[in-house]
$ cat entry-v2.cif   # mmCIF, C-alpha atoms
data_run
#
loop_
_atom_site.group_PDB
_atom_site.id
_atom_site.type_symbol
_atom_site.label_atom_id
_atom_site.label_comp_id
_atom_site.auth_asym_id
_atom_site.auth_seq_id
_atom_site.Cartn_x
_atom_site.Cartn_y
_atom_site.Cartn_z
ATOM 1 C CA MET Y 171 11.811 -0.605 8.154
ATOM 2 C CA ILE Y 172 9.010 -2.947 7.052
ATOM 3 C CA ALA Y 173 8.760 -6.427 8.577
ATOM 4 C CA ILE Y 174 7.143 -9.280 6.625
ATOM 5 C CA ALA Y 175 5.677 -12.091 8.713
ATOM 6 C CA ASP Y 176 7.196 -15.436 7.731
ATOM 7 C CA TYR Y 177 4.782 -17.954 9.232
ATOM 8 C CA GLY Y 178 4.823 -20.610 6.516
ATOM 9 C CA VAL Y 179 1.979 -19.582 4.195
ATOM 10 C CA GLY Y 180 3.149 -16.511 2.275
ATOM 11 C CA ASN Y 181 4.488 -15.610 -1.152
ATOM 12 C CA ILE Y 182 7.228 -13.811 0.701
ATOM 13 C CA PHE Y 183 10.267 -13.836 -1.552
ATOM 14 C CA SER Y 184 8.720 -11.996 -4.505
ATOM 15 C CA LEU Y 185 7.301 -9.507 -2.006
ATOM 16 C CA LYS Y 186 10.745 -8.997 -0.459
ATOM 17 C CA ARG Y 187 12.275 -8.505 -3.916
ATOM 18 C CA SER Y 188 9.626 -5.923 -4.797
ATOM 19 C CA LEU Y 189 10.457 -3.890 -1.698
ATOM 20 C CA GLU Y 190 14.171 -4.175 -2.461
ATOM 21 C CA TYR Y 191 13.503 -2.881 -5.988
ATOM 22 C CA LEU Y 192 11.782 0.143 -4.449
ATOM 23 C CA GLY Y 193 14.733 0.743 -2.149
ATOM 24 C CA VAL Y 194 12.602 0.077 0.930
ATOM 25 C CA ASP Y 195 14.326 -1.485 3.951
ATOM 26 C CA SER Y 196 12.585 -4.708 4.864
ATOM 27 C CA ILE Y 197 13.094 -7.926 6.773
ATOM 28 C CA LEU Y 198 11.544 -11.386 6.615
ATOM 29 C CA THR Y 199 11.119 -12.827 10.073
ATOM 30 C CA ASP Y 200 9.471 -15.761 11.807
ATOM 31 C CA ASP Y 201 10.089 -14.121 15.200
ATOM 32 C CA PRO Y 202 7.124 -12.051 16.480
ATOM 33 C CA LYS Y 203 9.452 -9.998 18.696
ATOM 34 C CA VAL Y 204 11.578 -8.943 15.711
ATOM 35 C CA PHE Y 205 8.409 -8.374 13.689
ATOM 36 C CA ALA Y 206 7.026 -6.010 16.325
ATOM 37 C CA GLN Y 207 10.148 -3.825 16.278
ATOM 38 C CA ALA Y 208 9.576 -2.654 12.686
ATOM 39 C CA GLU Y 209 7.845 0.614 11.811
ATOM 40 C CA LYS Y 210 5.379 -1.054 9.430
ATOM 41 C CA LEU Y 211 4.154 -4.632 9.119
ATOM 42 C CA ILE Y 212 3.046 -6.857 6.234
ATOM 43 C CA LEU Y 213 0.992 -10.023 6.666
ATOM 44 C CA PRO Y 214 1.141 -12.101 3.461
ATOM 45 C CA GLY Y 215 -0.719 -15.341 2.907
ATOM 46 C CA VAL Y 216 -1.766 -17.991 0.415
ATOM 47 C CA GLY Y 217 -3.735 -21.186 0.965
ATOM 48 C CA ALA Y 218 -6.510 -22.105 3.372
ATOM 49 C CA PHE Y 219 -7.798 -19.756 6.083
ATOM 50 C CA PRO Y 220 -7.905 -22.328 8.949
ATOM 51 C CA ASP Y 221 -4.353 -23.504 8.292
ATOM 52 C CA ALA Y 222 -3.026 -19.948 8.137
ATOM 53 C CA ALA Y 223 -4.865 -18.879 11.304
ATOM 54 C CA LYS Y 224 -3.465 -21.910 13.136
ATOM 55 C CA LYS Y 225 0.101 -21.183 12.026
ATOM 56 C CA LEU Y 226 -0.222 -17.519 13.012
ATOM 57 C CA GLU Y 227 -1.247 -18.615 16.494
ATOM 58 C CA GLU Y 228 1.438 -21.305 16.789
ATOM 59 C CA LYS Y 229 4.182 -18.900 15.696
ATOM 60 C CA GLY Y 230 3.006 -16.268 18.184
ATOM 61 C CA PHE Y 231 1.988 -13.679 15.585
ATOM 62 C CA THR Y 232 -1.706 -13.440 16.451
ATOM 63 C CA GLU Y 233 -1.432 -11.400 19.633
ATOM 64 C CA THR Y 234 1.573 -9.459 18.359
ATOM 65 C CA ILE Y 235 -0.347 -8.213 15.323
ATOM 66 C CA LYS Y 236 -3.330 -7.236 17.483
ATOM 67 C CA GLU Y 237 -1.102 -5.377 19.927
ATOM 68 C CA GLU Y 238 0.778 -3.496 17.212
ATOM 69 C CA ALA Y 239 -2.504 -2.568 15.520
ATOM 70 C CA LYS Y 240 -3.713 -1.004 18.789
ATOM 71 C CA LYS Y 241 -0.543 1.090 18.897
ATOM 72 C CA GLY Y 242 -1.450 2.600 15.517
ATOM 73 C CA LYS Y 243 1.277 0.884 13.519
ATOM 74 C CA PRO Y 244 0.536 0.590 9.766
ATOM 75 C CA ILE Y 245 -0.319 -3.020 8.886
ATOM 76 C CA LEU Y 246 -0.959 -4.401 5.396
ATOM 77 C CA GLY Y 247 -2.523 -7.804 4.732
ATOM 78 C CA ILE Y 248 -2.075 -9.313 1.266
ATOM 79 C CA CYS Y 249 -4.448 -11.871 -0.306
ATOM 80 C CA LEU Y 250 -5.176 -14.427 2.449
ATOM 81 C CA GLY Y 251 -3.395 -11.992 4.762
ATOM 82 C CA MET Y 252 -6.177 -9.480 4.043
ATOM 83 C CA GLN Y 253 -8.830 -12.069 4.855
ATOM 84 C CA LEU Y 254 -7.109 -12.918 8.129
ATOM 85 C CA LEU Y 255 -7.620 -9.319 9.243
ATOM 86 C CA LEU Y 256 -11.379 -9.979 9.297
ATOM 87 C CA ASP Y 257 -13.536 -11.393 12.096
ATOM 88 C CA GLU Y 258 -13.820 -14.858 10.594
ATOM 89 C CA GLY Y 259 -13.216 -17.167 7.666
ATOM 90 C CA MET Y 260 -15.839 -19.655 6.498
ATOM 91 C CA GLU Y 261 -13.545 -22.150 4.755
ATOM 92 C CA TYR Y 262 -14.101 -25.704 6.062
ATOM 93 C CA GLY Y 263 -16.373 -24.270 8.756
ATOM 94 C CA ARG Y 264 -15.905 -21.137 10.817
ATOM 95 C CA THR Y 265 -12.450 -20.000 11.981
ATOM 96 C CA ASN Y 266 -11.701 -16.865 13.974
ATOM 97 C CA GLY Y 267 -9.678 -14.191 12.222
ATOM 98 C CA LEU Y 268 -7.750 -11.343 13.814
ATOM 99 C CA GLY Y 269 -10.885 -9.215 14.189
ATOM 100 C CA LEU Y 270 -9.158 -5.985 13.151
ATOM 101 C CA ILE Y 271 -11.660 -5.141 10.406
ATOM 102 C CA PRO Y 272 -15.328 -6.247 10.617
ATOM 103 C CA GLY Y 273 -16.238 -8.850 8.021
ATOM 104 C CA SER Y 274 -16.084 -12.461 6.869
ATOM 105 C CA ALA Y 275 -14.142 -14.374 4.234
ATOM 106 C CA ILE Y 276 -16.833 -16.169 2.224
ATOM 107 C CA ASP Y 277 -16.753 -18.687 -0.633
ATOM 108 C CA MET Y 278 -17.215 -17.026 -4.045
ATOM 109 C CA LYS Y 279 -18.269 -20.209 -5.839
ATOM 110 C CA PRO Y 280 -22.061 -20.071 -5.274
ATOM 111 C CA ARG Y 281 -22.295 -16.553 -6.704
ATOM 112 C CA LEU Y 282 -19.972 -17.238 -9.603
ATOM 113 C CA GLU Y 283 -21.600 -20.499 -10.670
ATOM 114 C CA ARG Y 284 -24.910 -18.694 -11.179
ATOM 115 C CA LYS Y 285 -23.147 -16.369 -13.618
ATOM 116 C CA GLY Y 286 -21.116 -19.038 -15.372
ATOM 117 C CA LEU Y 287 -17.824 -17.734 -14.004
ATOM 118 C CA LYS Y 288 -14.937 -19.845 -12.780
ATOM 119 C CA THR Y 289 -13.587 -20.186 -9.266
ATOM 120 C CA PRO Y 290 -10.953 -19.157 -8.341
ATOM 121 C CA GLN Y 291 -10.906 -15.649 -9.682
ATOM 122 C CA MET Y 292 -7.502 -15.781 -11.310
ATOM 123 C CA GLY Y 293 -6.035 -13.064 -13.477
ATOM 124 C CA TRP Y 294 -6.022 -9.320 -14.060
ATOM 125 C CA ASN Y 295 -8.974 -7.180 -13.008
ATOM 126 C CA GLY Y 296 -9.489 -3.426 -12.879
ATOM 127 C CA LEU Y 297 -9.679 -1.428 -9.674
ATOM 128 C CA ILE Y 298 -12.843 0.552 -8.891
ATOM 129 C CA PHE Y 299 -12.943 3.135 -6.101
ATOM 130 C CA PRO Y 300 -16.091 3.949 -4.080
ATOM 131 C CA GLU Y 301 -17.576 7.190 -5.395
ATOM 132 C CA GLU Y 302 -18.579 8.491 -1.980
ATOM 133 C CA LYS Y 303 -15.041 8.485 -0.561
ATOM 134 C CA GLU Y 304 -11.790 10.294 -1.115
ATOM 135 C CA ARG Y 305 -9.134 8.143 -2.744
ATOM 136 C CA ASP Y 306 -7.314 6.214 -0.045
ATOM 137 C CA SER Y 307 -3.631 7.050 0.437
ATOM 138 C CA LEU Y 308 -2.796 3.440 -0.464
ATOM 139 C CA PHE Y 309 -3.906 4.290 -4.008
ATOM 140 C CA LYS Y 310 -2.280 7.706 -4.361
ATOM 141 C CA ASN Y 311 -1.396 8.276 -8.040
ATOM 142 C CA VAL Y 312 -3.194 5.055 -9.022
ATOM 143 C CA ASP Y 313 -5.914 5.582 -11.614
ATOM 144 C CA GLU Y 314 -9.284 3.887 -11.481
ATOM 145 C CA GLY Y 315 -9.380 1.009 -13.932
ATOM 146 C CA GLU Y 316 -5.749 0.035 -13.455
ATOM 147 C CA PHE Y 317 -5.320 -3.736 -13.519
ATOM 148 C CA VAL Y 318 -3.925 -5.812 -10.669
ATOM 149 C CA TYR Y 319 -3.462 -9.560 -10.278
ATOM 150 C CA PHE Y 320 -5.929 -11.693 -8.291
ATOM 151 C CA VAL Y 321 -5.823 -15.371 -7.292
ATOM 152 C CA HIS Y 322 -8.518 -16.328 -4.769
ATOM 153 C CA SER Y 323 -11.624 -18.444 -4.147
ATOM 154 C CA PHE Y 324 -12.937 -16.563 -1.098
ATOM 155 C CA TRP Y 325 -13.782 -12.877 -0.861
ATOM 156 C CA GLY Y 326 -13.982 -10.371 1.963
ATOM 157 C CA ASP Y 327 -17.600 -9.559 2.780
ATOM 158 C CA VAL Y 328 -17.112 -6.245 4.601
ATOM 159 C CA LYS Y 329 -19.084 -3.146 5.509
ATOM 160 C CA ARG Y 330 -19.061 -0.362 2.942
ATOM 161 C CA GLU Y 331 -17.256 1.914 5.399
ATOM 162 C CA SER Y 332 -14.219 -0.406 5.316
ATOM 163 C CA LEU Y 333 -14.138 -0.754 1.526
ATOM 164 C CA ILE Y 334 -11.520 1.338 -0.301
ATOM 165 C CA ALA Y 335 -11.467 -0.514 -3.651
ATOM 166 C CA TYR Y 336 -13.364 -3.272 -5.403
ATOM 167 C CA THR Y 337 -13.386 -5.051 -8.749
ATOM 168 C CA ASP Y 338 -16.064 -6.486 -11.020
ATOM 169 C CA TYR Y 339 -15.992 -10.260 -11.330
ATOM 170 C CA GLY Y 340 -19.667 -11.018 -11.763
ATOM 171 C CA PHE Y 341 -20.367 -8.962 -8.641
ATOM 172 C CA ASP Y 342 -18.538 -6.279 -6.650
ATOM 173 C CA VAL Y 343 -15.613 -8.228 -5.228
ATOM 174 C CA THR Y 344 -13.673 -6.591 -2.405
ATOM 175 C CA ALA Y 345 -10.221 -5.568 -3.644
ATOM 176 C CA ALA Y 346 -8.969 -3.486 -0.696
ATOM 177 C CA ILE Y 347 -10.079 -2.555 2.812
ATOM 178 C CA ARG Y 348 -9.018 -0.255 5.613
ATOM 179 C CA LYS Y 349 -9.852 0.582 9.193
ATOM 180 C CA ASP Y 350 -7.604 3.342 10.498
ATOM 181 C CA ASN Y 351 -4.003 2.057 10.354
ATOM 182 C CA VAL Y 352 -4.943 -1.481 9.285
ATOM 183 C CA MET Y 353 -5.420 -2.162 5.585
ATOM 184 C CA GLY Y 354 -5.552 -5.112 3.237
ATOM 185 C CA VAL Y 355 -5.533 -5.930 -0.465
ATOM 186 C CA GLN Y 356 -7.052 -9.072 -1.975
ATOM 187 C CA PHE Y 357 -4.785 -8.902 -5.025
ATOM 188 C CA HIS Y 358 -1.034 -9.488 -5.137
ATOM 189 C CA PRO Y 359 0.803 -6.159 -5.514
ATOM 190 C CA GLU Y 360 4.102 -8.026 -5.846
ATOM 191 C CA LYS Y 361 2.709 -9.653 -9.017
ATOM 192 C CA SER Y 362 0.940 -6.567 -10.377
ATOM 193 C CA GLY Y 363 3.742 -4.800 -12.237
ATOM 194 C CA LYS Y 364 4.252 -1.044 -11.930
ATOM 195 C CA ILE Y 365 0.845 -0.471 -10.328
ATOM 196 C CA GLY Y 366 1.561 -3.031 -7.632
ATOM 197 C CA LEU Y 367 4.931 -1.457 -6.949
ATOM 198 C CA LYS Y 368 3.266 1.948 -6.621
ATOM 199 C CA ILE Y 369 0.825 0.558 -4.052
ATOM 200 C CA LEU Y 370 3.670 -0.987 -2.048
ATOM 201 C CA GLU Y 371 5.542 2.316 -2.244
ATOM 202 C CA ASN Y 372 2.463 4.121 -0.949
ATOM 203 C CA PHE Y 373 2.267 1.716 1.976
ATOM 204 C CA ALA Y 374 5.946 2.305 2.723
ATOM 205 C CA LYS Y 375 5.145 6.021 3.035
ATOM 206 C CA GLU Y 376 2.222 5.481 5.471
ATOM 207 C CA VAL Y 377 2.636 7.513 8.649
#
$ encode --input "entry-v2.cif" --output "structure tokens"
Amino acid sequence: MIAIADYGVGNIFSLKRSLEYLGVDSILTDDPKVFAQAEKLILPGVGAFPDAAKKLEEKGFTETIKEEAKKGKPILGICLGMQLLLDEGMEYGRTNGLGLIPGSAIDMKPRLERKGLKTPQMGWNGLIFPEEKERDSLFKNVDEGEFVYFVHSFWGDVKRESLIAYTDYGFDVTAAIRKDNVMGVQFHPEKSGKIGLKILENFAKEV
């Protein structure tokens, strides 16, 4: 069973439908206690980092996610949900994240303006995997160069050791991260066709 956190800032229904299509048992819940009972957890998110972090705290998800991460439970953050896994977000000032993966969510605009590129990064971009690492299990049977769908204005500035995929949008933009059982994707797998479904299926098979 996979539990999807319903805390008011997620594209949750298309995600739920994607899991149903795959035949994966899942539940949407706004109750942290119910959330914690599942075998695997998904933290979705769209919108502003400070607002999302505040709602996570108010709904009681913040400590629950940290506790379940310590137990070794597989956790997947999607889009803003990935950024919330980091130490901090720098949107409208500094806001604490969950601190599960070292890094910061930083505005892309200054870098992109210098290259004449638009913010947000919105559309299909190809996945690139770090050459020095084995392919992460999240991307089993996913070829390098496959396109996935991004919509974001901030990017995850993380250490190379946490990076499991990136994409080229004027610079190497973090596409996916992992630290042990905690992982995140900046793109939307639920909007990324067959490749996105494969990634969700791979997560469902995480031990």
$ atom_distance --input "entry-v2.cif" --atom1 "atom CA of Y:Arg281" --atom2 "atom CA of Y:Gly340"
7.9 Å
$ residues_around --input "entry-v2.cif" --residues "Y:Ile212" --least-positions-apart "3" --cutoff "9 Å" --atoms "all atoms listed in the file" --output "list in words"
Ile172, Ala173, Ile174, Ala175, Pro244, Ile245, Leu246, Gly247, Ile248 and Gly251 of chain Y
$ resolve_selection --input "entry-v2.cif" --expression "the PyMOL selection byres ((chain Y and resi 345) around 7)" --output "PDB file with C-alpha atoms, in the frame of the given file"
ATOM      1  CA  ALA Y 335     -11.467  -0.514  -3.651  1.00  0.00           C
ATOM      2  CA  TYR Y 336     -13.364  -3.272  -5.403  1.00  0.00           C
ATOM      3  CA  THR Y 337     -13.386  -5.051  -8.749  1.00  0.00           C
ATOM      4  CA  VAL Y 343     -15.613  -8.228  -5.228  1.00  0.00           C
ATOM      5  CA  THR Y 344     -13.673  -6.591  -2.405  1.00  0.00           C
ATOM      6  CA  ALA Y 346      -8.969  -3.486  -0.696  1.00  0.00           C
ATOM      7  CA  VAL Y 355      -5.533  -5.930  -0.465  1.00  0.00           C
ATOM      8  CA  GLN Y 356      -7.052  -9.072  -1.975  1.00  0.00           C
ATOM      9  CA  PHE Y 357      -4.785  -8.902  -5.025  1.00  0.00           C
TER      10      PHE Y 357
END
$ closest_atom_pairs --input "entry-v2.cif" --of "stretch 184-246 of chain Y" --to "stretch 365-369 of chain Y" --cutoff "12 Å" --atoms "only C-alpha atoms" --output "CSV"
residue,atom,partner,partner_atom,distance
Y:Ser184,CA,Y:Leu367,CA,11.5
Y:Leu185,CA,Y:Leu367,CA,9.7
Y:Lys186,CA,Y:Leu367,CA,11.5
Y:Arg187,CA,Y:Leu367,CA,10.6
Y:Ser188,CA,Y:Leu367,CA,6.8
Y:Leu189,CA,Y:Leu367,CA,8.0
Y:Glu190,CA,Y:Leu367,CA,10.6
Y:Tyr191,CA,Y:Leu367,CA,8.7
Y:Leu192,CA,Y:Leu367,CA,7.5
Y:Gly193,CA,Y:Leu367,CA,11.1
Y:Val194,CA,Y:Leu367,CA,11.1
Y:Leu246,CA,Y:Ile369,CA,10.8
$ axis_aligned_box --input "entry-v2.cif" --around "stretch 188-191 of chain Y" --padding-each-side "5 Å" --output "lines of an AutoDock Vina configuration file"
center_x = 11.9
center_y = -4.4
center_z = -3.8
size_x = 14.5
size_y = 13.0
size_z = 14.3
$ resolve_selection --input "entry-v2.cif" --expression "the PyMOL selection byres ((chain Y and resi 334) around 7)" --output "list of chain:residue names"
Y:Phe299, Y:Pro300, Y:Asp306, Y:Ser332, Y:Leu333, Y:Ala335, Y:Ala346, Y:Ile347, Y:Arg348
$ atom_distance --input "entry-v2.cif" --atom1 "atom CA of Y:Gly215" --atom2 "atom CA of Y:Ser196"
17.1 Å
$ closest_residue --input "entry-v2.cif" --among "Y:Gly273, Y:Pro280, Y:Gly363, Y:Gly267" --to "Y:Ile235" --atoms "all atoms listed in the file"
Y:Gly267
$ resolve_selection --input "entry-v2.cif" --expression "the PyMOL selection byres ((chain Y and resi 199) around 8)" --output "list in words"
Ala173, Ile174, Ala175, Asp176, Ile197, Leu198, Asp200, Asp201, Pro202, Val204 and Phe205 of chain Y
$ atom_distance --input "entry-v2.cif" --atom1 "atom CA of Y:Ser274" --atom2 "atom CA of Y:Phe183"
27.7 Å
$ closest_residue --input "entry-v2.cif" --among "Y:Met260, Y:Leu370, Y:Met353, Y:Leu255" --to "Y:Lys310" --atoms "all atoms listed in the file"
Y:Leu370
$ closest_residue --input "entry-v2.cif" --among "Y:Glu331, Y:Glu258, Y:Glu228, Y:Asp221" --to "Y:Lys349" --atoms "all atoms listed in the file"
Y:Glu331
$ closest_residue --input "entry-v2.cif" --among "Y:His322, Y:Lys203, Y:Arg305, Y:Lys240" --to "Y:Leu270" --atoms "all atoms listed in the file"
Y:Lys240
$ closest_residue --input "entry-v2.cif" --among "Y:Tyr339, Y:Asp350, Y:Gly180, Y:Glu261" --to "Y:Gly242" --atoms "all atoms listed in the file"
Y:Asp350
$ closest_residue --input "entry-v2.cif" --among "Y:Thr232, Y:Asn372, Y:Ser323, Y:Ser307" --to "Y:Val216" --atoms "all atoms listed in the file"
Y:Ser323
$ decode --input "entry-v2.cif" --residues "stretch 256-280 of chain Y" --atoms "N, CA, C and O atoms" --output "compact mmCIF listing (two decimals), in the first residue's frame"
# COMPACT_ATOMS: atom_id res chain seq x y z
N LEU Y 256 14.44 18.79 1.16
CA LEU Y 256 15.73 19.43 1.36
C LEU Y 256 15.80 20.19 2.68
O LEU Y 256 14.80 20.30 3.41
N ASP Y 257 16.97 20.75 2.97
CA ASP Y 257 17.16 21.49 4.22
C ASP Y 257 16.35 22.77 4.27
O ASP Y 257 15.87 23.17 5.33
N GLU Y 258 16.22 23.43 3.10
CA GLU Y 258 15.60 24.76 3.10
C GLU Y 258 15.11 25.13 1.72
O GLU Y 258 15.54 24.58 0.70
N GLY Y 259 14.16 26.07 1.70
CA GLY Y 259 13.71 26.70 0.47
C GLY Y 259 13.93 28.19 0.58
O GLY Y 259 13.75 28.78 1.66
N MET Y 260 14.33 28.81 -0.53
CA MET Y 260 14.68 30.24 -0.50
C MET Y 260 13.64 31.11 -1.21
O MET Y 260 13.95 32.19 -1.70
N GLU Y 261 12.41 30.65 -1.26
CA GLU Y 261 11.33 31.41 -1.88
C GLU Y 261 10.72 32.35 -0.84
O GLU Y 261 10.28 31.91 0.22
N TYR Y 262 10.70 33.66 -1.15
CA TYR Y 262 10.20 34.67 -0.20
C TYR Y 262 10.97 34.61 1.12
O TYR Y 262 10.40 34.69 2.20
N GLY Y 263 12.29 34.48 1.04
CA GLY Y 263 13.10 34.32 2.23
C GLY Y 263 13.37 32.86 2.50
O GLY Y 263 13.01 31.99 1.72
N ARG Y 264 14.01 32.59 3.62
CA ARG Y 264 14.39 31.21 3.95
C ARG Y 264 13.31 30.51 4.77
O ARG Y 264 12.78 31.07 5.73
N THR Y 265 12.98 29.27 4.37
CA THR Y 265 12.03 28.44 5.10
C THR Y 265 12.66 27.07 5.30
O THR Y 265 13.24 26.50 4.36
N ASN Y 266 12.55 26.53 6.50
CA ASN Y 266 13.07 25.19 6.76
C ASN Y 266 12.30 24.14 5.97
O ASN Y 266 11.07 24.17 5.89
N GLY Y 267 13.06 23.19 5.40
CA GLY Y 267 12.46 22.02 4.79
C GLY Y 267 12.50 20.86 5.77
O GLY Y 267 12.73 21.05 6.98
N LEU Y 268 12.31 19.66 5.27
CA LEU Y 268 12.30 18.47 6.13
C LEU Y 268 13.70 18.02 6.53
O LEU Y 268 13.86 17.27 7.48
N GLY Y 269 14.71 18.46 5.80
CA GLY Y 269 16.09 18.14 6.15
C GLY Y 269 16.45 16.67 5.97
O GLY Y 269 17.37 16.18 6.62
N LEU Y 270 15.79 15.99 5.05
CA LEU Y 270 16.07 14.57 4.82
C LEU Y 270 17.15 14.34 3.78
O LEU Y 270 17.79 13.29 3.77
N ILE Y 271 17.34 15.32 2.90
CA ILE Y 271 18.42 15.28 1.92
C ILE Y 271 19.09 16.66 1.91
O ILE Y 271 18.41 17.67 1.79
N PRO Y 272 20.42 16.73 2.07
CA PRO Y 272 21.09 18.03 2.12
C PRO Y 272 20.89 18.81 0.82
O PRO Y 272 21.03 18.27 -0.27
N GLY Y 273 20.55 20.10 0.97
CA GLY Y 273 20.40 20.94 -0.20
C GLY Y 273 19.43 22.07 0.02
O GLY Y 273 18.79 22.18 1.08
N SER Y 274 19.30 22.93 -1.00
CA SER Y 274 18.42 24.09 -0.94
C SER Y 274 17.61 24.19 -2.23
O SER Y 274 18.10 23.86 -3.31
N ALA Y 275 16.40 24.69 -2.11
CA ALA Y 275 15.58 25.00 -3.28
C ALA Y 275 15.80 26.47 -3.62
O ALA Y 275 15.46 27.36 -2.83
N ILE Y 276 16.40 26.71 -4.78
CA ILE Y 276 16.88 28.04 -5.17
C ILE Y 276 16.20 28.50 -6.45
O ILE Y 276 15.92 27.70 -7.35
N ASP Y 277 15.97 29.81 -6.55
CA ASP Y 277 15.34 30.41 -7.72
C ASP Y 277 16.20 30.17 -8.98
O ASP Y 277 17.40 30.44 -8.99
N MET Y 278 15.56 29.71 -10.05
CA MET Y 278 16.26 29.47 -11.31
C MET Y 278 16.42 30.75 -12.14
O MET Y 278 17.27 30.81 -13.03
N LYS Y 279 15.60 31.74 -11.88
CA LYS Y 279 15.48 32.89 -12.78
C LYS Y 279 16.80 33.60 -13.07
O LYS Y 279 17.09 33.91 -14.23
N PRO Y 280 17.64 33.89 -12.06
CA PRO Y 280 18.90 34.59 -12.37
C PRO Y 280 19.77 33.85 -13.37
O PRO Y 280 20.36 34.47 -14.27
